[in-house]
file start39.cif (mmCIF, C-alpha atoms)
data_final
loop_
_atom_site.label_atom_id
_atom_site.label_comp_id
_atom_site.auth_asym_id
_atom_site.auth_seq_id
_atom_site.Cartn_x
_atom_site.Cartn_y
_atom_site.Cartn_z
CA MET A 292 -165.35 -98.71 73.50
CA GLU A 293 -164.61 -99.49 69.87
CA GLU A 294 -165.68 -102.67 68.10
CA PHE A 295 -163.67 -104.48 65.44
CA ASP A 296 -164.15 -107.55 63.30
CA ASP A 297 -160.82 -107.22 61.48
CA TYR A 298 -157.52 -108.12 63.17
CA ASN A 299 -155.47 -105.62 61.17
CA LEU A 300 -157.68 -102.64 62.02
CA LEU A 301 -157.69 -103.61 65.69
CA PHE A 302 -153.91 -104.09 65.76
CA GLU A 303 -153.35 -100.73 64.05
CA LYS A 304 -155.44 -99.01 66.74
CA ILE A 305 -153.62 -100.86 69.53
CA SER A 306 -150.22 -99.96 68.05
CA GLN A 307 -151.24 -96.28 68.07
CA LYS A 308 -152.23 -96.47 71.75
CA LEU A 309 -148.97 -98.23 72.72
CA LYS A 310 -146.68 -95.89 70.80
CA GLY A 311 -143.82 -94.81 73.04
CA LEU A 312 -144.78 -97.05 75.98
CA LYS A 313 -141.97 -99.19 77.40
CA HIS A 314 -144.20 -101.01 79.89
CA TYR A 315 -147.69 -102.30 79.19
CA ILE A 316 -150.13 -105.08 79.88
CA ILE A 317 -152.73 -106.01 77.28
CA GLY A 318 -155.56 -108.14 78.64
CA VAL A 319 -157.67 -110.32 76.36
CA ASP A 320 -160.92 -111.43 77.98
CA GLY A 321 -163.93 -113.51 76.94
CA PHE A 322 -165.79 -116.76 77.44
CA LEU A 323 -164.16 -120.17 76.99
CA PHE A 324 -163.18 -120.78 73.37
CA SER A 325 -164.19 -117.27 72.31
CA GLY A 326 -160.94 -116.68 70.41
CA LYS A 327 -158.80 -115.15 73.17
CA SER A 328 -155.70 -117.22 72.42
CA THR A 329 -155.99 -116.84 68.65
CA LEU A 330 -156.28 -113.07 69.03
CA ALA A 331 -153.41 -112.94 71.56
CA GLN A 332 -151.11 -115.07 69.36
CA LYS A 333 -151.75 -112.86 66.34
CA LEU A 334 -151.27 -109.70 68.41
CA CYS A 335 -148.00 -111.06 69.86
CA ALA A 336 -146.76 -111.69 66.32
CA HIS A 337 -147.81 -108.18 65.28
CA LEU A 338 -146.01 -106.58 68.25
CA SER A 339 -143.01 -108.97 68.06
CA LEU A 340 -143.67 -110.35 71.55
CA ALA A 341 -143.32 -113.92 72.76
CA TYR A 342 -146.67 -115.67 73.29
CA TYR A 343 -147.19 -117.26 76.68
CA ASP A 344 -149.73 -120.07 77.17
CA TRP A 345 -151.61 -118.73 80.17
CA ASP A 346 -153.67 -121.90 80.46
CA SER A 347 -150.56 -123.44 82.01
CA ILE A 348 -151.23 -121.52 85.24
CA ILE A 349 -154.69 -123.07 85.62
CA LEU A 350 -154.70 -125.66 88.39
CA ARG A 351 -156.84 -128.47 87.01
CA GLY A 352 -159.39 -129.90 89.39
CA GLY A 353 -161.68 -131.74 86.99
CA ILE A 354 -164.94 -130.86 85.32
CA ASN A 355 -166.82 -130.44 88.59
CA SER A 356 -164.48 -127.81 90.02
CA LYS A 357 -164.06 -124.07 89.70
CA TYR A 358 -161.05 -122.49 88.05
CA THR A 359 -158.10 -121.84 90.31
CA TYR A 360 -154.76 -120.39 89.32
CA ASP A 361 -151.13 -120.60 90.32
CA PHE A 362 -150.80 -116.94 91.35
CA LYS A 363 -147.09 -117.23 92.22
CA LYS A 364 -146.34 -118.44 88.70
CA PHE A 365 -148.61 -115.74 87.25
CA GLN A 366 -146.90 -112.95 89.22
CA LYS A 367 -143.43 -114.29 88.37
CA ILE A 368 -144.17 -114.27 84.63
CA CYS A 369 -145.66 -110.77 84.82
CA SER A 370 -142.73 -109.40 86.83
CA GLN A 371 -140.23 -110.73 84.27
CA ASN A 372 -141.89 -108.99 81.29
CA ASN A 373 -142.22 -105.27 80.59
CA GLN A 374 -144.58 -105.84 77.68
CA ILE A 375 -147.04 -108.67 78.01
CA ILE A 376 -150.32 -109.92 76.61
CA ILE A 377 -152.50 -111.93 79.00
CA ASP A 378 -155.36 -113.98 77.55
CA ILE A 379 -157.21 -115.98 80.14
CA VAL A 380 -160.68 -116.71 81.46
CA LEU A 381 -161.55 -114.52 84.48
CA LEU A 382 -158.90 -111.97 83.44
CA ARG A 383 -160.01 -109.02 85.59
CA GLU A 384 -160.39 -111.20 88.68
CA ILE A 385 -156.83 -112.47 88.27
CA LEU A 386 -155.38 -109.02 87.53
CA THR A 387 -157.17 -107.56 90.55
CA SER A 388 -155.79 -110.32 92.80
CA ALA A 389 -152.29 -109.60 91.48
CA ASN A 390 -152.72 -105.80 91.86
CA LEU A 391 -152.14 -105.30 88.14
CA ILE A 392 -153.89 -102.74 85.95
CA PRO A 393 -154.00 -103.44 82.23
CA THR A 394 -153.01 -100.70 79.80
CA ILE A 395 -155.53 -102.01 77.25
CA THR A 396 -158.27 -104.62 77.47
CA ILE A 397 -159.90 -106.43 74.58
CA TYR A 398 -163.05 -108.50 74.94
CA THR A 399 -163.59 -111.27 72.38
CA LYS A 400 -167.17 -111.96 71.37
CA GLU A 401 -167.95 -115.10 69.48
CA LEU A 402 -171.00 -114.57 67.29
CA ASP A 403 -173.15 -117.18 65.62
CA ILE A 404 -173.64 -116.97 61.87
CA ASN A 405 -176.63 -114.63 62.47
CA GLY A 406 -174.54 -112.23 64.56
CA ASN A 407 -175.88 -113.22 68.01
CA TRP A 408 -173.38 -113.35 70.89
CA ILE A 409 -172.80 -116.93 72.11
CA ASP A 410 -170.26 -118.86 74.08
CA LYS A 411 -168.60 -122.07 72.92
CA SER A 412 -171.09 -124.29 74.76
CA ASN A 413 -173.78 -122.71 72.58
CA HIS A 414 -175.51 -121.09 75.58
CA GLU A 415 -176.75 -117.64 74.77
CA ILE A 416 -175.25 -115.19 77.22
CA SER A 417 -176.45 -111.79 76.08
CA GLU A 418 -176.34 -108.58 78.07
CA VAL A 419 -180.06 -109.05 78.77
CA HIS A 420 -179.30 -112.51 80.17
CA LEU A 421 -176.54 -111.12 82.35
CA GLN A 422 -178.88 -108.47 83.76
CA ASN A 423 -181.58 -111.03 84.50
CA VAL A 424 -179.53 -114.19 84.95
CA SER A 425 -181.97 -116.25 86.99
CA SER A 426 -184.84 -116.22 84.49
CA SER A 427 -183.14 -115.96 81.13
CA LEU A 428 -180.22 -118.38 81.05
CA PRO A 429 -180.78 -121.48 78.91
CA ARG A 430 -180.93 -123.58 82.08
CA PRO A 431 -181.28 -122.75 85.78
CA LEU A 432 -178.05 -121.45 87.30
CA ASP A 433 -177.87 -124.40 89.71
CA ARG A 434 -177.69 -126.76 86.69
CA TYR A 435 -174.43 -125.23 85.46
CA LEU A 436 -171.10 -126.90 86.19
CA PRO A 437 -169.09 -125.00 88.82
CA HIS A 438 -166.68 -123.46 86.29
CA GLU A 439 -169.57 -122.40 84.00
CA LYS A 440 -171.35 -120.70 86.91
CA GLN A 441 -168.05 -119.10 87.90
CA ILE A 442 -167.75 -117.54 84.43
CA VAL A 443 -171.34 -116.23 84.51
CA ASP A 444 -170.77 -114.82 88.03
CA TYR A 445 -167.53 -113.22 86.82
CA HIS A 446 -169.40 -111.50 83.98
CA LEU A 447 -172.05 -110.26 86.39
CA LYS A 448 -169.42 -108.83 88.76
CA TYR A 449 -166.83 -107.38 86.38
CA LYS A 450 -168.88 -106.84 83.19
CA PRO A 451 -165.78 -107.19 81.00
CA HIS A 452 -167.92 -107.06 77.87
CA THR A 453 -168.88 -103.46 78.72
CA HIS A 454 -165.67 -102.26 80.40
CA SER A 455 -163.03 -103.08 77.79
CA ASN A 456 -161.24 -100.65 75.51
CA PHE A 457 -162.01 -102.78 72.48
CA ILE A 458 -164.42 -105.52 71.46
CA PHE A 459 -163.28 -108.04 68.86
CA LYS A 460 -166.14 -109.91 67.20
CA HIS A 461 -165.94 -112.96 64.99
CA LYS A 462 -168.61 -115.25 63.60
CA THR A 463 -168.72 -119.00 64.09
CA ASP A 464 -170.94 -121.42 62.20
CA TYR A 465 -171.74 -124.64 64.07
CA SER A 466 -174.03 -125.97 61.36
CA LYS A 467 -171.47 -127.69 59.12
CA ASP A 468 -170.22 -131.23 59.71
CA GLY A 469 -170.33 -130.92 63.53
CA PHE A 470 -167.26 -128.66 63.45
CA TYR A 471 -167.17 -124.94 63.95
CA TYR A 472 -165.94 -122.53 61.32
CA VAL A 473 -164.69 -119.04 62.14
CA TYR A 474 -165.54 -116.15 59.87
CA VAL A 475 -163.69 -112.91 60.37
CA GLY A 476 -165.74 -109.93 59.30
CA SER A 477 -169.44 -109.49 58.70
#

call {"tool": "encode", "arguments": {"input": "start39.cif", "output": "structure tokens"}}
result
Amino acid sequence: MEEFDDYNLLFEKISQKLKGLKHYIIGVDGFLFSGKSTLAQKLCAHLSLAYYDWDSIILRGGINSKYTYDFKKFQKICSQNNQIIIDIVLLREILTSANLIPTITIYTKELDINGNWIDKSNHEISEVHLQNVSSSLPRPLDRYLPHEKQIVDYHLKYKPHTHSNFIFKHKTDYSKDGFYYVYVGS
């Protein structure tokens, strides 16, 4: 697994791996708001592919529900494209359900300004936390909203942060003006 904090270096490596392939699936995985869509849009532009908004297949049930997906729509889109980039929460779970195997997977890690892995909700979810989820999460697991718990459970089951071809890391600073600022690079 190789780690990158520069889009161009990552895209160069991906282009090398895809050379000569007529069919491929690139999966972009990560927590909510970790930069999956930004990375996928830039990669689509680099590879001259159309970007598809995968959030459109999420069936919205409100804040107190788990994520569910329109699998028929997902499979239809995938079957109509020989080269596709899929950026969505619970990526491996969805691909497994659709019997699809990605050619390349990229995991996006959002880092705080000090380089610690965080998710958008500012809950630390480190590999230590994932190994010992009950005692080390910022709040007890039963206090998480259903979709938050679903994402933690997904990480425990699939460990996408350790089973991806590439990790893309970027820094975010929440300390300014109540907005977040993304820094690419160290």

call {"tool": "closest_residue", "arguments": {"input": "start39.cif", "among": "A:Ile385, A:Met292, A:Val443, A:Ile397", "to": "A:Cys369", "atoms": "only C-alpha atoms"}}
result
A:Ile385

call {"tool": "atom_distance", "arguments": {"input": "start39.cif", "atom1": "atom CA of A:Gln441", "atom2": "atom CA of A:His454"}}
result
18.6 Å

call {"tool": "closest_residue", "arguments": {"input": "start39.cif", "among": "A:Phe295, A:Tyr358, A:Tyr342, A:Phe302", "to": "A:Glu439", "atoms": "all atoms listed in the file"}}
result
A:Tyr358

call {"tool": "residues_around", "arguments": {"input": "start39.cif", "residues": "A:Ser356", "least_positions_apart": "5", "cutoff": "12 Å", "atoms": "all atoms listed in the file", "output": "list in words"}}
result
Ile349, Leu350, Arg351, Tyr435, Leu436, Pro437, His438, Glu439, Lys440 and Gln441 of chain A

call {"tool": "atom_distance", "arguments": {"input": "start39.cif", "atom1": "atom CA of A:Ser388", "atom2": "atom CA of A:Phe362"}}
result
8.4 Å
